[in-house]
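Printed here is model.cif (mmCIF, C-alpha atoms):
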```cif
data_entry
#
loop_
_atom_site.label_atom_id
_atom_site.label_comp_id
_atom_site.auth_asym_id
_atom_site.auth_seq_id
_atom_site.Cartn_x
_atom_site.Cartn_y
_atom_site.Cartn_z
CA MET H 1 131.21 91.71 124.00
CA CYS H 2 132.76 91.13 127.44
CA SER H 3 131.91 88.31 129.84
CA ALA H 4 130.75 90.81 132.49
CA TYR H 5 128.06 92.10 130.11
CA LYS H 6 126.84 88.56 129.41
CA PHE H 7 126.92 87.68 133.11
CA ASP H 8 124.78 90.68 134.07
CA LEU H 9 122.41 89.96 131.19
CA LEU H 10 121.79 86.36 132.32
CA MET H 11 121.46 87.29 135.99
CA GLY H 12 118.67 89.67 134.98
CA LEU H 13 116.63 86.67 133.77
CA GLY H 14 116.19 85.25 137.26
CA LEU H 15 118.86 82.59 136.85
CA SER H 16 120.98 81.58 139.84
CA GLU H 17 124.63 82.61 139.85
CA ALA H 18 125.73 78.96 139.69
CA CYS H 19 123.57 78.36 136.61
CA VAL H 20 124.86 81.50 134.91
CA LEU H 21 128.51 80.62 135.53
CA GLU H 22 127.92 77.10 134.21
CA MET H 23 126.34 78.19 130.92
CA LEU H 24 128.37 81.37 130.38
CA PRO H 25 131.11 79.72 128.24
CA ARG H 26 128.44 78.69 125.71
CA VAL H 27 126.79 82.11 125.46
CA LYS H 28 127.89 83.78 122.22
CA ALA H 29 127.90 87.26 120.76
CA THR H 30 127.16 87.53 117.05
CA GLY H 31 125.60 89.90 114.53
CA PHE H 32 123.62 90.24 111.31
CA ASP H 33 123.69 92.61 108.37
CA PRO H 34 120.48 94.34 107.23
CA HIS H 35 117.98 92.00 105.49
CA GLU H 36 119.78 88.87 106.70
CA ILE H 37 117.63 85.91 107.77
CA VAL H 38 118.12 85.09 111.43
CA TRP H 39 115.70 82.13 111.47
CA ALA H 40 113.77 80.92 108.44
CA LYS H 41 110.10 79.91 108.78
CA GLY H 42 109.95 76.17 109.47
CA GLU H 43 113.53 76.06 110.70
CA GLU H 44 114.47 74.61 114.08
CA VAL H 45 115.24 77.33 116.64
CA THR H 46 118.51 76.24 118.25
CA GLU H 47 119.22 79.37 120.31
CA TRP H 48 117.39 82.00 122.34
CA THR H 49 118.44 85.37 120.96
CA TYR H 50 118.86 88.77 122.63
CA ILE H 51 119.11 91.99 120.64
CA ALA H 52 121.89 94.21 122.00
CA SER H 53 121.22 96.72 119.21
CA GLY H 54 119.15 96.94 116.03
CA LEU H 55 115.73 95.73 114.86
CA VAL H 56 114.51 92.24 113.91
CA GLY H 57 111.15 91.56 112.26
CA ALA H 58 109.01 88.41 112.56
CA SER H 59 107.01 87.84 109.38
CA VAL H 60 104.53 85.41 107.81
CA PRO H 61 103.60 84.93 104.12
CA ILE H 62 100.33 86.36 102.78
CA ARG H 63 98.00 85.22 99.97
CA GLU H 64 98.90 88.13 97.71
CA GLY H 65 102.56 87.14 97.79
CA GLY H 66 105.35 88.57 99.87
CA CYS H 67 105.03 88.74 103.65
CA ILE H 68 103.83 90.90 106.51
CA HIS H 69 105.44 91.54 109.86
CA VAL H 70 103.43 90.54 112.92
CA ASP H 71 106.07 91.66 115.38
CA ILE H 72 109.22 93.78 115.48
CA TYR H 73 111.83 93.33 118.18
CA GLY H 74 114.13 96.13 119.26
CA HIS H 75 117.01 96.87 121.61
CA ARG H 76 117.12 94.83 124.86
CA THR H 77 114.68 92.20 123.60
CA TRP H 78 114.78 88.38 123.58
CA PHE H 79 112.96 86.43 120.86
CA GLY H 80 112.35 82.87 119.65
CA GLU H 81 111.26 81.39 122.98
CA GLU H 82 107.89 79.95 121.91
CA ALA H 83 109.26 77.61 119.24
CA LEU H 84 112.26 76.78 121.41
CA LEU H 85 110.23 75.79 124.49
CA ASN H 86 107.62 73.87 122.51
CA ARG H 87 110.33 72.25 120.35
CA TYR H 88 108.59 72.90 117.06
CA PRO H 89 109.79 74.68 113.92
CA SER H 90 109.66 78.46 113.84
CA SER H 91 106.24 79.84 112.89
CA PHE H 92 107.84 83.06 111.65
CA GLU H 93 110.71 84.16 109.50
CA TYR H 94 113.00 86.40 111.52
CA VAL H 95 114.88 88.98 109.45
CA SER H 96 117.24 91.75 110.53
CA LEU H 97 115.81 95.12 109.47
CA THR H 98 118.99 96.97 110.43
CA THR H 99 122.50 96.00 111.44
CA VAL H 100 121.93 93.84 114.52
CA ARG H 101 124.19 92.76 117.38
CA THR H 102 122.97 89.76 119.38
CA VAL H 103 123.73 87.49 122.30
CA THR H 104 122.56 83.88 122.09
CA ILE H 105 121.98 81.06 124.59
CA PRO H 106 121.90 77.48 123.22
CA ALA H 107 118.45 75.87 123.29
CA ALA H 108 119.71 73.01 125.47
CA ASP H 109 120.75 75.46 128.19
CA VAL H 110 117.43 77.32 128.03
CA LEU H 111 115.44 74.08 128.31
CA ALA H 112 117.59 72.83 131.20
CA ALA H 113 117.17 76.12 133.07
CA PHE H 114 113.43 76.03 132.45
CA GLN H 115 113.32 72.73 134.35
CA THR H 116 115.62 73.67 137.25
CA GLU H 117 115.40 77.47 137.72
CA PRO H 118 111.91 78.47 139.00
CA ASP H 119 112.33 82.26 138.67
CA PHE H 120 113.60 81.91 135.12
CA ALA H 121 110.83 79.43 134.25
CA ARG H 122 108.22 81.88 135.52
CA TYR H 123 109.73 84.74 133.52
CA ILE H 124 109.95 82.91 130.21
CA ALA H 125 106.53 81.24 130.61
CA LEU H 126 104.82 84.61 131.16
CA LEU H 127 106.75 86.13 128.27
CA THR H 128 105.73 83.27 125.96
CA ALA H 129 102.05 83.53 126.88
CA TRP H 130 101.96 87.31 126.41
CA ARG H 131 103.88 87.17 123.13
CA SER H 132 101.71 84.38 121.72
CA ARG H 133 98.48 86.38 122.23
CA ARG H 134 100.13 89.56 121.00
CA SER H 135 101.39 87.99 117.76
CA SER H 136 98.09 86.18 117.19
CA ASP H 137 96.13 89.41 117.47
CA MET H 138 98.45 91.23 115.09
CA ALA H 139 98.47 88.35 112.59
CA VAL H 140 94.67 88.55 112.35
CA LEU H 141 94.77 92.30 111.78
CA MET H 142 97.58 92.20 109.25
CA LYS H 143 96.27 89.21 107.26
CA GLN H 144 92.60 90.20 107.15
CA GLY H 145 93.03 93.95 107.17
CA SER H 146 93.13 96.24 104.16
CA PRO H 147 96.45 97.65 102.87
CA ILE H 148 95.61 100.95 104.61
CA LEU H 149 95.14 99.21 107.96
CA ARG H 150 98.38 97.26 107.44
CA VAL H 151 100.32 100.48 107.00
CA VAL H 152 98.97 102.07 110.17
CA MET H 153 99.34 98.93 112.32
CA GLY H 154 102.79 98.32 110.83
CA LEU H 155 103.89 101.81 111.86
CA ALA H 156 102.51 101.09 115.33
CA LEU H 157 104.72 97.98 115.49
CA PHE H 158 107.77 100.13 114.83
CA ALA H 159 106.64 102.57 117.54
CA GLU H 160 106.43 99.70 120.03
CA ALA H 161 109.82 98.24 119.10
CA LEU H 162 111.58 101.61 119.28
CA GLN H 163 109.88 102.90 122.43
CA TYR H 164 109.98 100.01 124.88
CA GLN H 165 111.41 96.55 125.31
CA SER H 166 109.36 93.95 123.47
CA SER H 167 110.21 91.52 126.27
CA ARG H 168 107.55 93.06 128.50
CA PRO H 169 104.04 94.52 128.14
CA PRO H 170 103.93 98.16 127.03
CA THR H 171 103.93 101.13 129.35
CA GLU H 172 102.49 104.53 128.54
CA GLY H 173 105.70 105.68 126.91
CA HIS H 174 106.64 109.28 126.30
CA GLY H 175 105.05 111.90 124.11
CA VAL H 176 108.23 112.40 122.11
CA SER H 177 108.70 111.57 118.46
CA VAL H 178 110.87 108.71 117.20
CA GLU H 179 112.51 108.19 113.82
CA ILE H 180 112.22 104.79 112.13
CA PRO H 181 115.84 103.86 111.30
CA VAL H 182 115.12 102.05 108.01
CA LYS H 183 114.17 103.17 104.51
CA GLN H 184 110.51 103.74 103.73
CA SER H 185 110.65 101.01 101.08
CA ILE H 186 111.60 98.51 103.80
CA VAL H 187 108.80 99.74 106.07
CA ALA H 188 106.33 99.34 103.17
CA SER H 189 107.57 95.80 102.59
CA ALA H 190 107.21 95.02 106.31
CA CYS H 191 103.59 96.18 106.09
CA GLY H 192 102.97 93.95 103.06
CA VAL H 193 101.93 96.81 100.76
CA SER H 194 103.27 98.45 97.61
CA ARG H 195 105.46 101.53 97.83
CA SER H 196 102.76 103.64 96.16
CA VAL H 197 100.05 102.60 98.65
CA PHE H 198 102.43 103.19 101.54
CA SER H 199 103.42 106.64 100.28
CA GLU H 200 99.81 107.78 99.91
CA VAL H 201 98.79 106.62 103.39
CA VAL H 202 101.88 108.18 104.96
CA ARG H 203 101.24 111.44 103.08
CA GLN H 204 97.79 111.70 104.62
CA LEU H 205 99.15 110.81 108.07
CA ALA H 206 101.72 113.58 107.66
CA LEU H 207 99.03 116.11 106.75
CA ALA H 208 97.25 115.13 109.96
CA GLY H 209 100.43 115.72 111.99
CA LEU H 210 100.85 112.06 112.98
CA VAL H 211 104.12 111.46 111.11
CA ARG H 212 106.86 113.70 109.78
CA LEU H 213 108.62 113.17 106.44
CA ASP H 214 112.08 114.55 105.69
CA TYR H 215 114.50 113.48 102.92
CA GLY H 216 113.37 109.87 102.84
CA THR H 217 113.15 109.46 106.61
CA LEU H 218 109.95 108.78 108.52
CA GLU H 219 109.35 110.05 112.04
CA LEU H 220 106.41 109.01 114.22
CA CYS H 221 105.04 112.02 116.09
CA SER H 222 103.91 111.46 119.70
CA VAL H 223 104.89 107.86 120.36
CA ARG H 224 102.33 107.72 123.17
CA THR H 225 99.54 108.18 120.62
CA TRP H 226 100.79 105.27 118.51
CA LEU H 227 101.23 103.00 121.55
CA ARG H 228 97.73 103.73 122.88
CA PHE H 229 96.21 103.18 119.45
CA SER H 230 98.03 99.86 118.97
CA LEU H 231 97.21 98.54 122.43
CA LYS H 232 93.49 99.30 122.13
CA HIS H 233 92.91 98.05 118.61
CA ARG H 234 95.23 95.06 118.77
CA ARG H 235 93.23 93.75 121.73
CA SER H 236 89.90 94.34 120.02
CA ARG H 237 91.33 93.08 116.72
CA MET H 238 89.84 96.17 115.05
CA ASN H 239 86.14 95.58 114.40
CA VAL H 240 86.39 97.21 110.96
CA LYS H 241 88.98 95.40 108.83
CA LYS H 242 88.83 97.90 105.96
CA PRO H 243 88.75 101.37 107.51
CA SER H 244 89.53 104.45 105.44
CA VAL H 245 92.59 106.59 106.13
CA LYS H 246 90.29 109.26 107.55
CA GLU H 247 88.73 106.77 109.97
CA LEU H 248 92.16 105.62 111.16
CA ILE H 249 93.35 109.20 111.59
CA LEU H 250 90.28 109.87 113.72
CA LEU H 251 91.06 106.81 115.88
CA LEU H 252 94.67 107.94 116.28
CA LYS H 253 93.56 111.39 117.35
CA GLU H 254 91.13 109.83 119.84
CA ALA H 255 94.08 107.86 121.25
CA ALA H 256 96.03 111.10 121.58
CA GLU H 257 93.24 112.65 123.62
CA SER H 258 92.49 109.67 125.85
#
```

Would you mind writing the structure in this file as structure tokens?
Amino acid sequence: MCSAYKFDLLMGLGLSEACVLEMLPRVKATGFDPHEIVWAKGEEVTEWTYIASGLVGASVPIREGGCIHVDIYGHRTWFGEEALLNRYPSSFEYVSLTTVRTVTIPAADVLAAFQTEPDFARYIALLTAWRSRRSSDMAVLMKQGSPILRVVMGLALFAEALQYQSSRPPTEGHGVSVEIPVKQSIVASACGVSRSVFSEVVRQLALAGLVRLDYGTLELCSVRTWLRFSLKHRRSRMNVKKPSVKELILLLKEAAES
């Protein structure tokens, strides 16, 4: 990954040219294979990481065993800033869901820039505040919600990661469909449910025209519908924690019509 790419990337964060040129030699390009741990839960976050391509999931353990994803980061997204700025161990386990290419800035450089670069400090502070509320809302839904709700909200997370940058609040998005670039078994695991439960929920969503199944792939129909549904019910933390599939389909269709 060339220096010009890294330079343009850092300048887009509101850093001054002098600051960028000073830290540029320490900015590294790296990558991860699918299912590789980027940061383990409880581990010190020593770098701020940008996803040039691929998907990374942030997960937490659940009582039933295994884990659930409370956020998924896609192309052109930074992650890990909250633990880095607050200097505490990572609250999540970050795992690559696909092959991932990244660019990293050492924590020391991020913290120094936070103190001396006002535009950058404003950007990362707003990002941290928005992300913290967003992850907290999703954690409540995914931990307290039924397996059916986990599947639907988990699919909405993938819609968000694939449709817009997770480094900014969502926009309306487009009405086009998007294919989830990982196996359904991995999506089920990300939702914290068994493969059989996942398959049954997805089958009913497909019958309702909300997803499309084809030779093991899963496509989300009308991304705008999924984004509107997620935004509304993440904020309200879904009053009903154990809705039926039919109730969730109705809510998705209401989102499509709003």

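When all atoms listed in the file are used to compute distances to Ala139 (chain H), the closest of the residues H:Gln184, H:Ser199, H:Ser59, H:Thr102 turns out to be H:Ser59.
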
Report summary line: Min atom-atom distance to Leu213 (chain H) from the set H:Gly192, H:Ile186, H:Gln144, H:Val178, counting only C-alpha atoms, belongs to H:Val178

**Report entry** Output check: residues returned by the PyMOL selection byres ((chain H and resi 212) around 12), as an NGL selection string
**Finding:** :H and (177-180 or 202-211 or 213-222)

Query raised in the report: Suppose you want the space between CA of Ser53 (chain H) and CA of Arg101 (chain H); what is it in Å?
Result: 5.3 Å

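Picked out by the PyMOL selection byres ((chain H and resi 89-92) around 6) when it runs on this file: Lys41, Gly42, Glu43, Glu44, Ala58, Ser59, Val60, Ala83, Tyr88 and Glu93 of chain H.
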
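Our summary of the geometry notes that CA of Thr225 (chain H) is positioned 19.3 Å from CA of Asp137 (chain H).
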
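Each of H:Ala113, H:Leu149, H:Ala190, H:Met142 was compared to His35 (chain H) using only C-alpha atoms, and H:Ala190 turns out to be the nearest.
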
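CA of Val56 (chain H) lies 24.4 Å from CA of Gly14 (chain H).
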
Query raised in the report: For the file shown, what are the residues hit by the PyMOL selection byres ((chain H and resi 77) around 12), laid out as an MDAnalysis selection string?
Result: chainID H and resid 9 13 48:57 71:76 78:81 100:104 127 131 160:169

Draw an axis-aligned box over all listed atoms of region 56-63 of chain H, pad each side with 3 Å, and write its centre and edge lengths in Å, one decimal, as AutoDock Vina command-line options.
```
--center_x 106.3 --center_y 88.6 --center_z 106.9 --size_x 22.5 --size_y 13.3 --size_z 19.9
```

Report summary line: In terms of all atoms listed in the file, the residue from H:Ala129, H:Val27, H:Leu227, H:Leu155 at minimal distance from Val110 (chain H) is H:Val27

**Report entry** Nearest residue to Met138 (chain H) from the set H:Val187, H:Ala121, H:Ile249, H:Leu231 (distances using all atoms listed in the file)
**Finding:** H:Leu231

Query raised in the report: Between H:Ala108, H:Ala18, H:Ile68, H:Leu126, which has the minimum distance to Gly145 (chain H) (counting all atoms listed in the file)?
Result: H:Ile68

Rebuild region 201-212 of chain H so that it carries N, CA, C and O atoms, then output the result as a compact mmCIF listing (two decimals), keeping the file's coordinate frame.
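Okay, out-v9.txt is ready:
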```txt
# COMPACT_ATOMS: atom_id res chain seq x y z
N VAL H 201 99.29 106.66 102.02
CA VAL H 201 98.79 106.62 103.39
C VAL H 201 99.65 107.50 104.29
O VAL H 201 99.14 108.29 105.10
N VAL H 202 100.97 107.39 104.14
CA VAL H 202 101.88 108.18 104.96
C VAL H 202 101.72 109.67 104.68
O VAL H 202 101.81 110.51 105.59
N ARG H 203 101.46 110.02 103.42
CA ARG H 203 101.24 111.44 103.08
C ARG H 203 100.06 112.01 103.84
O ARG H 203 100.12 113.12 104.39
N GLN H 204 98.97 111.23 103.90
CA GLN H 204 97.79 111.70 104.62
C GLN H 204 98.02 111.75 106.14
O GLN H 204 97.51 112.64 106.83
N LEU H 205 98.80 110.79 106.65
CA LEU H 205 99.15 110.81 108.07
C LEU H 205 100.00 112.04 108.40
O LEU H 205 99.86 112.65 109.47
N ALA H 206 100.87 112.40 107.46
CA ALA H 206 101.72 113.58 107.66
C ALA H 206 100.89 114.86 107.67
O ALA H 206 101.12 115.76 108.49
N LEU H 207 99.91 114.94 106.78
CA LEU H 207 99.03 116.11 106.75
C LEU H 207 98.24 116.25 108.06
O LEU H 207 97.91 117.36 108.47
N ALA H 208 97.98 115.12 108.70
CA ALA H 208 97.25 115.13 109.96
C ALA H 208 98.17 115.36 111.16
O ALA H 208 97.71 115.40 112.30
N GLY H 209 99.48 115.47 110.91
CA GLY H 209 100.43 115.72 111.99
C GLY H 209 100.81 114.50 112.79
O GLY H 209 101.37 114.62 113.89
N LEU H 210 100.56 113.30 112.25
CA LEU H 210 100.85 112.06 112.98
C LEU H 210 102.22 111.48 112.64
O LEU H 210 102.77 110.70 113.41
N VAL H 211 102.76 111.84 111.47
CA VAL H 211 104.12 111.46 111.11
C VAL H 211 104.78 112.68 110.48
O VAL H 211 104.12 113.65 110.09
N ARG H 212 106.11 112.62 110.40
CA ARG H 212 106.86 113.70 109.78
C ARG H 212 107.80 113.09 108.73
O ARG H 212 108.49 112.11 109.01
```
